[in-house]
file model.txt (compact mmCIF, C-alpha atoms and all ligand atoms)
# COMPACT_ATOMS: atom_id res chain seq x y z
CA MET A 1 -15.64 49.91 39.36
CA THR A 2 -16.49 53.58 39.04
CA LYS A 3 -14.75 56.72 40.17
CA ALA A 4 -15.97 58.67 43.18
CA PRO A 5 -18.33 61.62 42.50
CA GLY A 6 -16.82 64.94 41.48
CA ILE A 7 -13.56 63.38 40.34
CA GLU A 8 -12.41 63.34 36.71
CA ASP A 9 -10.09 61.24 34.58
CA ILE A 10 -8.08 63.28 32.13
CA PHE A 11 -7.52 61.31 28.93
CA PRO A 12 -4.71 61.97 26.42
CA ASP A 13 -7.05 63.76 23.98
CA LYS A 14 -7.41 66.58 26.54
CA MET A 15 -3.72 66.88 27.25
CA ASP A 16 -2.78 69.34 24.50
CA ARG A 17 -5.26 71.86 25.88
CA TRP A 18 -4.27 71.03 29.46
CA ASN A 19 -0.57 71.55 28.67
CA HIS A 20 -1.35 74.74 26.79
CA VAL A 21 -2.81 76.17 30.04
CA ILE A 22 0.06 74.90 32.19
CA ASN A 23 2.74 76.05 29.74
CA SER A 24 1.15 79.50 29.34
CA ALA A 25 1.08 79.85 33.13
CA ARG A 26 4.66 78.60 33.56
CA ASN A 27 5.80 81.04 30.93
CA ALA A 28 4.02 83.94 32.68
CA PHE A 29 5.40 82.89 36.10
CA GLY A 30 8.88 82.98 34.56
CA ARG A 31 8.32 86.48 33.16
CA PHE A 32 7.31 87.64 36.66
CA ASN A 33 10.35 85.98 38.31
CA ILE A 34 8.20 83.54 40.30
CA ARG A 35 9.79 80.15 41.09
CA GLU A 36 8.11 76.79 41.53
CA ILE A 37 7.49 75.13 44.86
CA ILE A 38 6.03 71.67 45.39
CA VAL A 39 4.35 71.18 48.77
CA PRO A 40 2.56 68.05 50.03
CA VAL A 41 -0.98 67.13 49.06
CA ILE A 42 -1.52 65.93 52.66
CA GLU A 43 -0.97 68.12 55.72
CA PHE A 44 -1.92 67.99 59.38
CA THR A 45 -5.55 69.16 59.55
CA ASP A 46 -4.52 72.05 61.76
CA VAL A 47 -2.61 73.67 58.87
CA PHE A 48 -5.92 74.28 57.09
CA ALA A 49 -8.12 74.75 60.15
CA ARG A 50 -5.84 77.47 61.47
CA GLY A 51 -4.87 78.82 58.09
CA ILE A 52 -8.23 79.07 56.34
CA GLY A 53 -10.40 79.50 59.44
CA ASP A 54 -12.61 77.06 61.42
CA ASP A 55 -15.81 78.87 60.52
CA THR A 56 -15.33 78.83 56.77
CA ASP A 57 -17.36 76.45 54.58
CA ILE A 58 -14.12 74.88 53.39
CA VAL A 59 -12.95 73.88 56.88
CA SER A 60 -16.32 73.20 58.49
CA LYS A 61 -17.93 71.20 55.66
CA GLU A 62 -15.65 70.46 52.72
CA MET A 63 -12.41 68.90 53.87
CA PHE A 64 -11.40 65.28 53.24
CA THR A 65 -10.03 64.51 56.69
CA PHE A 66 -8.88 61.18 58.07
CA GLU A 67 -6.78 59.72 60.86
CA ASP A 68 -3.44 58.13 60.03
CA ARG A 69 -2.29 54.93 61.71
CA GLY A 70 -0.84 56.93 64.60
CA GLY A 71 -4.21 58.60 65.29
CA ARG A 72 -3.12 61.97 63.85
CA SER A 73 -5.65 63.99 61.91
CA LEU A 74 -4.59 64.56 58.30
CA THR A 75 -6.37 66.39 55.47
CA LEU A 76 -6.11 66.40 51.68
CA ARG A 77 -5.30 70.01 50.86
CA PRO A 78 -8.39 72.04 49.87
CA GLU A 79 -6.20 74.90 48.57
CA GLY A 80 -2.53 75.77 48.15
CA THR A 81 -1.87 78.87 50.25
CA ALA A 82 -1.91 77.34 53.76
CA GLY A 83 0.57 74.60 52.77
CA VAL A 84 2.93 77.06 51.08
CA VAL A 85 2.83 79.32 54.16
CA ARG A 86 3.50 76.29 56.40
CA ALA A 87 6.51 75.38 54.23
CA TYR A 88 7.70 79.00 54.11
CA CYS A 89 7.66 79.20 57.93
CA GLU A 90 9.02 75.73 58.63
CA ASN A 91 11.95 76.44 56.32
CA GLY A 92 12.63 79.82 57.93
CA GLU A 93 12.33 81.47 54.49
CA TYR A 94 11.50 84.83 56.09
CA ASN A 95 15.08 85.00 57.37
CA ARG A 96 16.57 84.75 53.89
CA LEU A 97 15.19 87.16 51.36
CA ALA A 98 13.16 90.31 51.63
CA ILE A 99 10.76 89.13 48.95
CA SER A 100 10.12 85.52 47.94
CA LYS A 101 7.82 84.54 45.09
CA PHE A 102 6.50 81.00 44.65
CA PHE A 103 4.13 79.30 42.24
CA TYR A 104 2.51 75.86 42.46
CA ILE A 105 0.44 73.65 40.22
CA GLY A 106 -1.44 70.63 41.51
CA PRO A 107 -4.57 68.88 42.74
CA MET A 108 -6.79 70.24 45.53
CA PHE A 109 -9.71 68.49 47.25
CA ARG A 110 -13.02 69.87 48.48
CA ALA A 111 -16.10 67.82 49.33
CA GLU A 112 -18.46 70.20 47.53
CA LYS A 113 -21.65 69.29 45.69
CA PRO A 114 -20.34 68.44 42.23
CA GLN A 115 -21.63 70.42 39.25
CA LYS A 116 -20.27 72.00 36.08
CA GLY A 117 -16.95 73.62 37.02
CA ARG A 118 -17.16 72.42 40.61
CA LEU A 119 -15.25 69.24 41.34
CA ARG A 120 -14.13 67.40 44.45
CA GLN A 121 -10.67 66.87 43.06
CA PHE A 122 -9.64 69.83 40.93
CA ASN A 123 -6.34 71.43 39.97
CA GLN A 124 -5.12 74.89 40.77
CA LEU A 125 -2.21 76.94 39.55
CA GLY A 126 -1.35 79.73 41.92
CA ALA A 127 1.32 82.09 43.17
CA GLU A 128 2.21 83.66 46.50
CA ILE A 129 4.47 86.68 47.08
CA PHE A 130 5.91 87.00 50.59
CA GLY A 131 7.66 89.92 52.25
CA SER A 132 5.99 92.97 50.76
CA ASP A 133 3.04 95.13 51.76
CA ASP A 134 3.61 97.31 48.72
CA PRO A 135 0.39 97.78 46.68
CA PHE A 136 2.59 97.24 43.63
CA HIS A 137 2.58 93.51 44.45
CA ASP A 138 -1.22 93.31 44.79
CA ALA A 139 -1.42 94.84 41.32
CA GLU A 140 1.39 92.60 40.09
CA ILE A 141 -0.57 89.47 41.04
CA ILE A 142 -3.68 90.81 39.28
CA THR A 143 -1.59 91.72 36.21
CA LEU A 144 -0.11 88.22 36.26
CA ILE A 145 -3.56 86.57 36.23
CA ASP A 146 -4.58 88.92 33.43
CA ALA A 147 -1.54 87.77 31.42
CA ILE A 148 -2.32 84.09 32.08
CA ALA A 149 -5.98 84.61 31.12
CA LYS A 150 -5.00 86.24 27.84
CA ASP A 151 -2.25 83.70 27.05
CA THR A 152 -4.59 80.76 27.66
CA GLY A 153 -7.16 82.31 25.31
CA ILE A 154 -9.82 83.63 27.72
CA SER A 155 -11.19 86.79 26.19
CA ASP A 156 -14.42 87.69 27.91
CA TYR A 157 -13.89 88.23 31.63
CA SER A 158 -14.16 90.87 34.35
CA VAL A 159 -11.82 91.68 37.19
CA LEU A 160 -13.60 92.41 40.47
CA ILE A 161 -11.63 94.08 43.26
CA ASN A 162 -12.30 95.21 46.81
CA SER A 163 -10.56 96.05 50.06
CA ILE A 164 -11.80 94.32 53.21
CA GLY A 165 -9.62 96.43 55.52
CA CYS A 166 -7.35 95.23 58.30
CA SER A 167 -7.58 94.26 61.97
CA ASP A 168 -7.63 97.98 62.85
CA CYS A 169 -10.60 99.04 60.75
CA ARG A 170 -12.57 95.88 60.02
CA PRO A 171 -13.95 95.20 63.57
CA ALA A 172 -15.86 98.52 63.61
CA TYR A 173 -17.28 97.78 60.16
CA ILE A 174 -18.29 94.26 61.21
CA GLU A 175 -19.99 95.72 64.27
CA GLU A 176 -22.05 98.00 62.05
CA LEU A 177 -22.78 95.19 59.61
CA LYS A 178 -23.94 93.01 62.48
CA LYS A 179 -26.25 95.73 63.75
CA TYR A 180 -27.77 96.05 60.29
CA TYR A 181 -28.32 92.31 59.90
CA ASP A 182 -29.51 91.86 63.51
CA ALA A 183 -32.34 94.21 62.65
CA HIS A 184 -33.25 91.96 59.68
CA SER A 185 -32.40 88.57 61.20
CA SER A 186 -35.86 87.08 60.54
CA GLU A 187 -35.34 87.62 56.79
CA LEU A 188 -32.03 85.73 56.68
CA CYS A 189 -31.52 82.17 55.40
CA GLU A 190 -30.69 79.50 58.01
CA ASP A 191 -26.98 79.50 57.12
CA CYS A 192 -26.75 83.27 57.54
CA LYS A 193 -28.63 83.20 60.84
CA ARG A 194 -25.88 80.89 62.08
CA ARG A 195 -23.09 82.96 60.53
CA LEU A 196 -24.43 86.23 61.96
CA SER A 197 -22.66 85.98 65.30
CA LYS A 198 -19.68 83.89 64.16
CA ASN A 199 -18.61 85.25 60.78
CA THR A 200 -20.75 88.26 59.88
CA LEU A 201 -18.66 89.25 56.87
CA ARG A 202 -19.62 86.01 55.12
CA LEU A 203 -23.26 87.16 54.98
CA LEU A 204 -22.21 89.38 52.09
CA ASP A 205 -21.19 86.26 50.18
CA CYS A 206 -24.52 84.40 50.51
CA LYS A 207 -26.16 83.33 47.23
CA ASN A 208 -29.71 83.16 48.71
CA GLU A 209 -32.00 85.64 46.93
CA GLY A 210 -33.45 87.12 50.14
CA CYS A 211 -29.98 87.64 51.60
CA ARG A 212 -28.81 89.16 48.30
CA ALA A 213 -31.65 91.68 48.44
CA LEU A 214 -30.83 92.60 52.05
CA ARG A 215 -27.20 93.07 51.10
CA GLU A 216 -28.02 95.91 48.74
CA LYS A 217 -28.81 98.23 51.64
CA SER A 218 -26.08 96.98 53.97
CA PRO A 219 -23.21 99.26 55.04
CA ARG A 220 -20.22 99.22 52.68
CA ILE A 221 -16.69 98.46 53.86
CA THR A 222 -15.27 101.09 51.54
CA GLY A 223 -16.51 103.90 53.79
CA HIS A 224 -14.96 102.28 56.88
CA LEU A 225 -11.36 101.73 55.77
CA CYS A 226 -8.61 103.25 57.95
CA GLY A 227 -6.23 105.72 56.31
CA SER A 228 -3.58 103.10 55.63
CA CYS A 229 -6.04 100.62 54.02
CA ALA A 230 -7.72 103.38 52.00
CA ASP A 231 -4.33 104.60 50.69
CA HIS A 232 -3.30 101.03 49.92
CA TYR A 233 -6.50 100.43 47.96
CA THR A 234 -6.13 103.67 46.00
CA SER A 235 -2.56 102.79 45.14
CA VAL A 236 -3.53 99.28 43.94
CA LYS A 237 -6.10 100.89 41.63
CA ASN A 238 -3.53 103.40 40.36
CA HIS A 239 -1.10 100.60 39.54
CA LEU A 240 -3.87 98.71 37.70
CA ASP A 241 -4.77 101.86 35.75
CA THR A 242 -1.14 102.32 34.77
CA ALA A 243 -0.91 98.66 33.72
CA GLY A 244 -4.04 99.09 31.60
CA ILE A 245 -6.06 96.50 33.56
CA ARG A 246 -9.78 97.26 33.62
CA TYR A 247 -11.55 96.36 36.84
CA THR A 248 -14.88 96.75 38.62
CA GLU A 249 -15.01 97.63 42.29
CA ASP A 250 -17.25 95.23 44.22
CA PRO A 251 -17.70 96.30 47.86
CA PHE A 252 -19.22 92.89 48.66
CA LEU A 253 -16.27 90.80 47.52
CA VAL A 254 -15.26 89.25 50.86
CA ARG A 255 -14.10 85.75 49.72
CA GLY A 256 -14.66 82.44 51.47
CA LEU A 257 -11.34 82.14 53.30
CA ASP A 258 -10.64 83.94 56.56
CA TYR A 259 -7.00 84.91 56.03
CA TYR A 260 -7.53 87.94 53.81
CA CYS A 261 -6.97 91.60 54.64
CA LYS A 262 -6.94 94.69 52.44
CA THR A 263 -7.11 93.68 48.76
CA THR A 264 -9.39 90.89 47.51
CA PHE A 265 -10.11 90.11 43.86
CA GLU A 266 -11.81 87.65 41.52
CA PHE A 267 -11.65 87.03 37.78
CA VAL A 268 -15.15 86.12 36.62
CA THR A 269 -16.82 85.10 33.38
CA ASN A 270 -20.34 84.24 32.27
CA ALA A 271 -19.09 81.13 30.47
CA LEU A 272 -19.20 78.99 33.62
CA GLY A 273 -22.83 79.22 34.69
CA GLY A 274 -23.05 79.27 38.50
CA GLN A 275 -19.33 78.86 39.12
CA ASN A 276 -18.27 82.15 37.66
CA ALA A 277 -14.78 82.70 39.14
CA PHE A 278 -11.84 81.12 37.34
CA ALA A 279 -9.19 82.82 39.50
CA ALA A 280 -9.20 84.62 42.82
CA GLY A 281 -7.06 85.74 45.70
CA GLY A 282 -5.93 88.62 47.81
CA ARG A 283 -3.62 89.93 50.46
CA TYR A 284 -3.01 88.06 53.71
CA ASN A 285 -0.61 89.89 56.01
CA LYS A 286 -1.14 87.88 59.22
CA LEU A 287 -0.96 84.29 58.05
CA VAL A 288 2.81 83.84 58.37
CA GLU A 289 2.56 85.02 61.99
CA THR A 290 -0.35 82.64 62.63
CA PHE A 291 1.98 79.83 61.52
CA GLY A 292 4.72 80.97 63.93
CA GLY A 293 6.84 82.96 61.47
CA LYS A 294 8.08 86.52 61.70
CA PRO A 295 5.40 89.05 60.72
CA THR A 296 5.52 88.89 56.91
CA PRO A 297 2.95 90.47 54.59
CA ALA A 298 1.87 88.40 51.60
CA VAL A 299 -0.42 88.39 48.59
CA GLY A 300 -1.40 85.65 46.16
CA PHE A 301 -3.94 83.99 43.89
CA ALA A 302 -5.07 80.65 42.55
CA ALA A 303 -6.84 79.74 39.32
CA GLY A 304 -8.87 76.59 38.62
CA ILE A 305 -7.35 74.71 35.68
CA GLU A 306 -10.54 72.75 34.90
CA ARG A 307 -12.51 76.02 34.90
CA ILE A 308 -10.04 77.61 32.46
CA LEU A 309 -10.40 74.52 30.23
CA LEU A 310 -14.20 74.82 30.31
CA ILE A 311 -14.01 78.47 29.29
CA THR A 312 -11.56 77.81 26.46
CA GLU A 313 -13.30 74.61 25.30
CA SER A 314 -13.84 75.71 21.71
CA GLN A 315 -10.35 77.12 21.30
CA GLN A 316 -7.91 75.32 18.99
CA VAL A 317 -4.44 74.65 20.32
CA LYS A 318 -1.44 73.19 18.58
CA GLU A 319 -1.84 69.43 18.58
CA THR A 320 0.98 67.12 19.67
CA ARG A 321 1.24 64.52 16.90
CA LEU A 322 3.01 61.26 16.33
CA ASP A 323 5.61 61.68 13.55
CA ALA A 324 5.60 58.19 12.09
CA TYR A 325 3.43 55.08 12.33
CA PHE A 326 5.00 52.00 10.75
CA VAL A 327 2.85 49.71 8.63
CA HIS A 328 4.46 46.37 7.83
CA ALA A 329 3.64 43.43 5.53
CA GLY A 330 5.59 40.24 6.25
CA GLU A 331 8.08 39.21 8.86
CA SER A 332 11.26 40.60 7.27
CA ALA A 333 9.54 43.95 6.66
CA ARG A 334 8.45 44.01 10.28
CA ASP A 335 12.03 43.42 11.46
CA LYS A 336 13.20 46.30 9.26
CA CYS A 337 10.43 48.47 10.77
CA PHE A 338 11.65 47.62 14.30
CA SER A 339 15.11 48.94 13.51
CA LEU A 340 13.72 52.04 11.77
CA VAL A 341 11.42 52.81 14.76
CA ARG A 342 14.47 52.59 17.03
CA SER A 343 16.52 54.78 14.73
CA LEU A 344 13.83 57.50 14.42
CA ARG A 345 13.30 57.57 18.19
CA ASN A 346 17.07 57.86 18.73
CA GLN A 347 17.04 60.86 16.42
CA GLY A 348 14.37 62.64 18.46
CA LEU A 349 11.31 61.78 16.38
CA SER A 350 8.21 60.01 17.68
CA ALA A 351 7.45 56.67 16.10
CA ASP A 352 5.26 53.65 16.81
CA ILE A 353 4.38 50.23 15.50
CA ASP A 354 2.01 47.39 16.36
CA PRO A 355 4.10 44.23 15.91
CA SER A 356 1.17 41.83 16.22
CA SER A 357 -0.97 43.51 13.61
CA THR A 358 -0.73 41.93 10.16
CA GLY A 359 -3.42 43.51 7.99
CA MET A 360 -2.30 46.69 6.17
CA LYS A 361 -5.79 48.16 6.41
CA SER A 362 -6.04 47.85 10.18
CA GLN A 363 -2.52 49.25 10.60
CA MET A 364 -3.43 52.27 8.45
CA LYS A 365 -6.48 52.79 10.67
CA LYS A 366 -4.23 52.82 13.73
CA ALA A 367 -1.97 55.39 12.05
CA GLU A 368 -5.06 57.54 11.57
CA ARG A 369 -6.35 56.99 15.11
CA ASP A 370 -3.00 57.99 16.60
CA ARG A 371 -3.06 61.19 14.48
CA SER A 372 0.30 60.27 12.95
CA ARG A 373 1.70 62.77 10.46
CA PHE A 374 3.10 59.98 8.28
CA ALA A 375 2.44 56.30 7.69
CA ILE A 376 5.69 54.51 6.80
CA ILE A 377 4.69 51.49 4.71
CA ILE A 378 7.14 48.64 4.15
CA GLY A 379 6.48 45.36 2.32
CA ASP A 380 8.63 43.04 0.20
CA THR A 381 9.02 45.49 -2.71
CA GLU A 382 10.18 48.29 -0.43
CA LEU A 383 12.50 45.96 1.46
CA GLN A 384 14.19 44.86 -1.74
CA GLY A 385 14.40 48.43 -3.08
CA GLY A 386 15.86 49.85 0.17
CA PHE A 387 13.14 52.46 0.55
CA ALA A 388 9.85 53.04 2.40
CA MET A 389 6.56 54.24 0.99
CA VAL A 390 5.88 57.36 3.03
CA LYS A 391 2.28 58.56 3.10
CA ASN A 392 1.46 62.06 4.31
CA MET A 393 -1.69 61.43 6.38
CA ASP A 394 -3.02 64.97 5.93
CA THR A 395 -2.64 65.35 2.16
CA GLY A 396 -2.66 61.69 1.10
CA ASP A 397 0.54 62.29 -0.95
CA GLN A 398 2.93 59.35 -1.16
CA ALA A 399 6.67 59.25 -1.88
CA GLN A 400 9.41 56.63 -1.89
CA ILE A 401 12.13 57.60 0.58
CA PRO A 402 15.38 55.60 1.04
CA PHE A 403 15.64 54.09 4.52
CA ASP A 404 18.67 56.18 5.47
CA ALA A 405 16.93 59.43 4.44
CA LEU A 406 13.69 58.76 6.37
CA ALA A 407 14.50 60.70 9.56
CA GLU A 408 15.62 63.76 7.69
CA ALA A 409 12.60 63.74 5.36
CA ILE A 410 10.15 63.46 8.30
CA ALA A 411 11.95 66.06 10.41
CA ARG A 412 11.96 68.47 7.45
CA SER A 413 8.23 68.32 6.71
P1 LIG A 501 -10.45 79.98 45.98
O1 LIG A 501 -11.29 81.12 45.52
O2 LIG A 501 -11.05 79.08 47.00
O3 LIG A 501 -9.10 80.60 46.49
O4 LIG A 501 -10.05 79.09 44.74
C1 LIG A 501 -9.38 79.66 43.64
C2 LIG A 501 -9.92 79.09 42.34
O5 LIG A 501 -9.89 77.66 42.37
C3 LIG A 501 -11.38 79.41 42.06
O6 LIG A 501 -11.51 80.69 41.49
C4 LIG A 501 -11.73 78.31 41.08
O7 LIG A 501 -11.30 78.66 39.77
C5 LIG A 501 -10.94 77.13 41.57
N1 LIG A 501 -11.79 76.24 42.38
C6 LIG A 501 -12.12 76.39 43.69
N2 LIG A 501 -12.93 75.38 44.09
C7 LIG A 501 -13.12 74.59 43.01
C8 LIG A 501 -13.85 73.38 42.77
N3 LIG A 501 -14.53 72.78 43.74
N4 LIG A 501 -13.83 72.85 41.52
C9 LIG A 501 -13.13 73.44 40.53
N5 LIG A 501 -12.40 74.58 40.69
C10 LIG A 501 -12.40 75.14 41.92
C11 LIG A 501 -8.07 79.85 46.98
O8 LIG A 501 -7.98 78.65 46.87
C12 LIG A 501 -6.96 80.68 47.58
N6 LIG A 501 -5.92 79.76 48.09
C13 LIG A 501 -6.40 81.65 46.55
C14 LIG A 501 -5.26 82.46 47.09
C15 LIG A 501 -3.94 82.23 46.90
N7 LIG A 501 -5.38 83.51 47.89
C16 LIG A 501 -4.16 83.98 48.19
N8 LIG A 501 -3.29 83.18 47.60
call {"tool": "encode", "arguments": {"input": "model.txt", "output": "structure tokens"}}
result
Amino acid sequence: MTKAPGIEDIFPDKMDRWNHVINSARNAFGRFNIREIIVPVIEFTDVFARGIGDDTDIVSKEMFTFEDRGGRSLTLRPEGTAGVVRAYCENGEYNRLAISKFFYIGPMFRAEKPQKGRLRQFNQLGAEIFGSDDPFHDAEIITLIDAIAKDTGISDYSVLINSIGCSDCRPAYIEELKKYYDAHSSELCEDCKRRLSKNTLRLLDCKNEGCRALREKSPRITGHLCGSCADHYTSVKNHLDTAGIRYTEDPFLVRGLDYYCKTTFEFVTNALGGQNAFAAGGRYNKLVETFGGKPTPAVGFAAGIERILLITESQQVKETRLDAYFVHAGESARDKCFSLVRSLRNQGLSADIDPSSTGMKSQMKKAERDRSRFAIIIGDTELQGGFAMVKNMDTGDQAQIPFDALAEAIARS
């Protein structure tokens, strides 16, 4: 049996680094007063189709969709925002508090072509702030990602920002963009030819070299923003300046999901090869309404946990270690070990034993393999003397410790 393509097993040896990322993020979410929400991994397909947009790559090509036994179309979530918005609306959250802040951590599914940093099942940590159109919150989300990036140990990254306007100013820009690309339609890749009439903005996101070259001379959104969007964008930048966050303005940063308006941003690094964004997001002021809620502005982000782990691969994190591995010689010694294992565990220490193993050498090897801090060796001599031979596995030092002083001695060192 093998696993399906683009899906990874995460073995215990990766967990210290994994937990370092999660714990750093949880800590940052706490500092920003953002509370956890757990929403389903499966939703009705419509949640994503309506939320993310039918014409996006995610909805049109990348969703894992299936029918349940009642013939309803269900989808494994490709991202977190749509589900959180669905929950926010269904629970009438907009009636409760002016501003609600949520974070989530969990698996997402996209049927993309697997490659380094691009999986079909991957994990995101993300946050959404509902109920504010204040540019302070756009900057707050960017500042939050910056804090998480630093706390997880990512040092070399850039913050790209843009404003893609709103439903007042964007249509005129798209019109102009369409005119420009219509005049060059023969030079476009097949995908962009298709997108031209349906989702013109996405042409700016195309990776094809010819399309990239054309983009250089295309009209920029920045010159087409309405007064309100331009002011909003300026204010976001001012907040970032005040917070000491360095950023680069990228007028082509349009993002691959349809719900955005005003601010969009990405955190990028060269460490990932082709998949250069490890976190991204933006403002989405119309999505709550699309889901039947009261008009509620919102802004949020998500970061790819596997991508963060790839970037921080060489970084050392504090290792979780077993405190004591018991090595026994003879049946009576083994029985004594059983009771000592129980006693250490009851006192909050981690301890383990292999009851069926008899050779001292192989038991010492297991102590090493499990990265135990101490090997607690007990044979006839120790049993009669009422002590254990305690070997420090890092230094090789050995000491005789009375049975009733074991827990304290291990906890102390
Ligand atoms: P996204 O840009 O599609 O945005 O994904 C956010 C992050 O998830 C990416 O920057 C990347 O680190 C990670 N990611 C995406 N696809 C994959 C993949 N196939 N394999 C590994 N990692 C991946 C969103 O998902 C939006 N919901 C973000 C957001 C929240 N906007 C507002 N609120």
call {"tool": "residues_near_ligand", "arguments": {"input": "model.txt", "ligand": "ligand LIG 501 (chain A)", "cutoff": "9 Å", "atoms": "all atoms listed in the file", "output": "ChimeraX atom specification"}}
result
/A:6,52,58,78-82,108-129,255-257,259-260,264,266-268,275-284,298-308
call {"tool": "residues_around", "arguments": {"input": "model.txt", "residues": "Leu225 in chain A", "least_positions_apart": "4", "cutoff": "12 Å", "atoms": "only C-alpha atoms", "output": "MDAnalysis selection string"}}
result
chainID A and resid 162:174 220:221 229:234 251 261:263
call {"tool": "residues_around", "arguments": {"input": "model.txt", "residues": "Asp250 in chain A", "least_positions_apart": "2", "cutoff": "6 Å", "atoms": "only C-alpha atoms", "output": "PyMOL selection string"}}
result
chain A and resi 160-162+252-253
call {"tool": "atom_distance", "arguments": {"input": "model.txt", "atom1": "CA of Gln400 in chain A", "atom2": "CA of Asn346 in chain A"}}
result
22.0 Å
call {"tool": "atom_distance", "arguments": {"input": "model.txt", "atom1": "CA of Gly71 in chain A", "atom2": "CA of Thr45 in chain A"}}
result
12.1 Å
call {"tool": "atom_distance", "arguments": {"input": "model.txt", "atom1": "CA of Ala329 in chain A", "atom2": "CA of Ser413 in chain A"}}
result
25.3 Å
call {"tool": "axis_aligned_box", "arguments": {"input": "model.txt", "around": "range 308-327 of chain A", "padding_each_side": "3 Å", "output": "AutoDock Vina command-line options"}}
result
--center_x -4.3 --center_y 64.1 --center_z 20.5 --size_x 25.8 --size_y 34.8 --size_z 29.8
call {"tool": "residues_around", "arguments": {"input": "model.txt", "residues": "range 381-388 of chain A", "least_positions_apart": "2", "cutoff": "7 Å", "atoms": "only C-alpha atoms", "output": "MDAnalysis selection string"}}
result
chainID A and resid 333 376:379 390 400:403
call {"tool": "decode", "arguments": {"input": "model.txt", "residues": "range 14-26 of chain A", "atoms": "N, CA, C and O atoms", "output": "short mmCIF file (atom, residue, chain, number, x, y, z; two decimals), in the first residue's frame"}}
result
data_model
loop_
_atom_site.label_atom_id
_atom_site.label_comp_id
_atom_site.auth_asym_id
_atom_site.auth_seq_id
_atom_site.Cartn_x
_atom_site.Cartn_y
_atom_site.Cartn_z
N LYS A 14 9.84 14.66 13.22
CA LYS A 14 9.58 16.02 12.71
C LYS A 14 8.76 16.85 13.70
O LYS A 14 8.55 18.05 13.50
N MET A 15 8.22 16.18 14.72
CA MET A 15 7.20 16.84 15.53
C MET A 15 7.71 18.01 16.37
O MET A 15 6.97 18.94 16.64
N ASP A 16 8.99 17.95 16.80
CA ASP A 16 9.48 19.08 17.60
C ASP A 16 9.47 20.36 16.77
O ASP A 16 9.07 21.41 17.24
N ARG A 17 9.90 20.23 15.50
CA ARG A 17 9.92 21.42 14.64
C ARG A 17 8.49 21.83 14.30
O ARG A 17 8.17 23.01 14.24
N TRP A 18 7.64 20.85 14.04
CA TRP A 18 6.23 21.12 13.74
C TRP A 18 5.58 21.88 14.91
O TRP A 18 4.95 22.92 14.73
N ASN A 19 5.78 21.35 16.12
CA ASN A 19 5.17 21.98 17.30
C ASN A 19 5.77 23.36 17.58
O ASN A 19 5.09 24.24 18.11
N HIS A 20 7.05 23.52 17.23
CA HIS A 20 7.67 24.83 17.41
C HIS A 20 6.92 25.88 16.57
O HIS A 20 6.62 26.99 17.05
N VAL A 21 6.57 25.50 15.34
CA VAL A 21 5.83 26.43 14.45
C VAL A 21 4.44 26.70 15.03
O VAL A 21 4.01 27.85 15.19
N ILE A 22 3.74 25.62 15.39
CA ILE A 22 2.37 25.76 15.91
C ILE A 22 2.38 26.59 17.21
O ILE A 22 1.56 27.48 17.40
N ASN A 23 3.32 26.25 18.11
CA ASN A 23 3.34 26.95 19.40
C ASN A 23 3.70 28.42 19.23
O ASN A 23 3.15 29.28 19.92
N SER A 24 4.64 28.71 18.31
CA SER A 24 5.00 30.11 18.05
C SER A 24 3.77 30.87 17.55
O SER A 24 3.49 32.00 17.96
N ALA A 25 3.03 30.21 16.63
CA ALA A 25 1.84 30.87 16.07
C ALA A 25 0.78 31.06 17.15
O ALA A 25 0.22 32.15 17.30
N ARG A 26 0.53 30.01 17.94
CA ARG A 26 -0.48 30.12 19.00
C ARG A 26 -0.13 31.25 19.97
O ARG A 26 -0.99 32.02 20.40
#
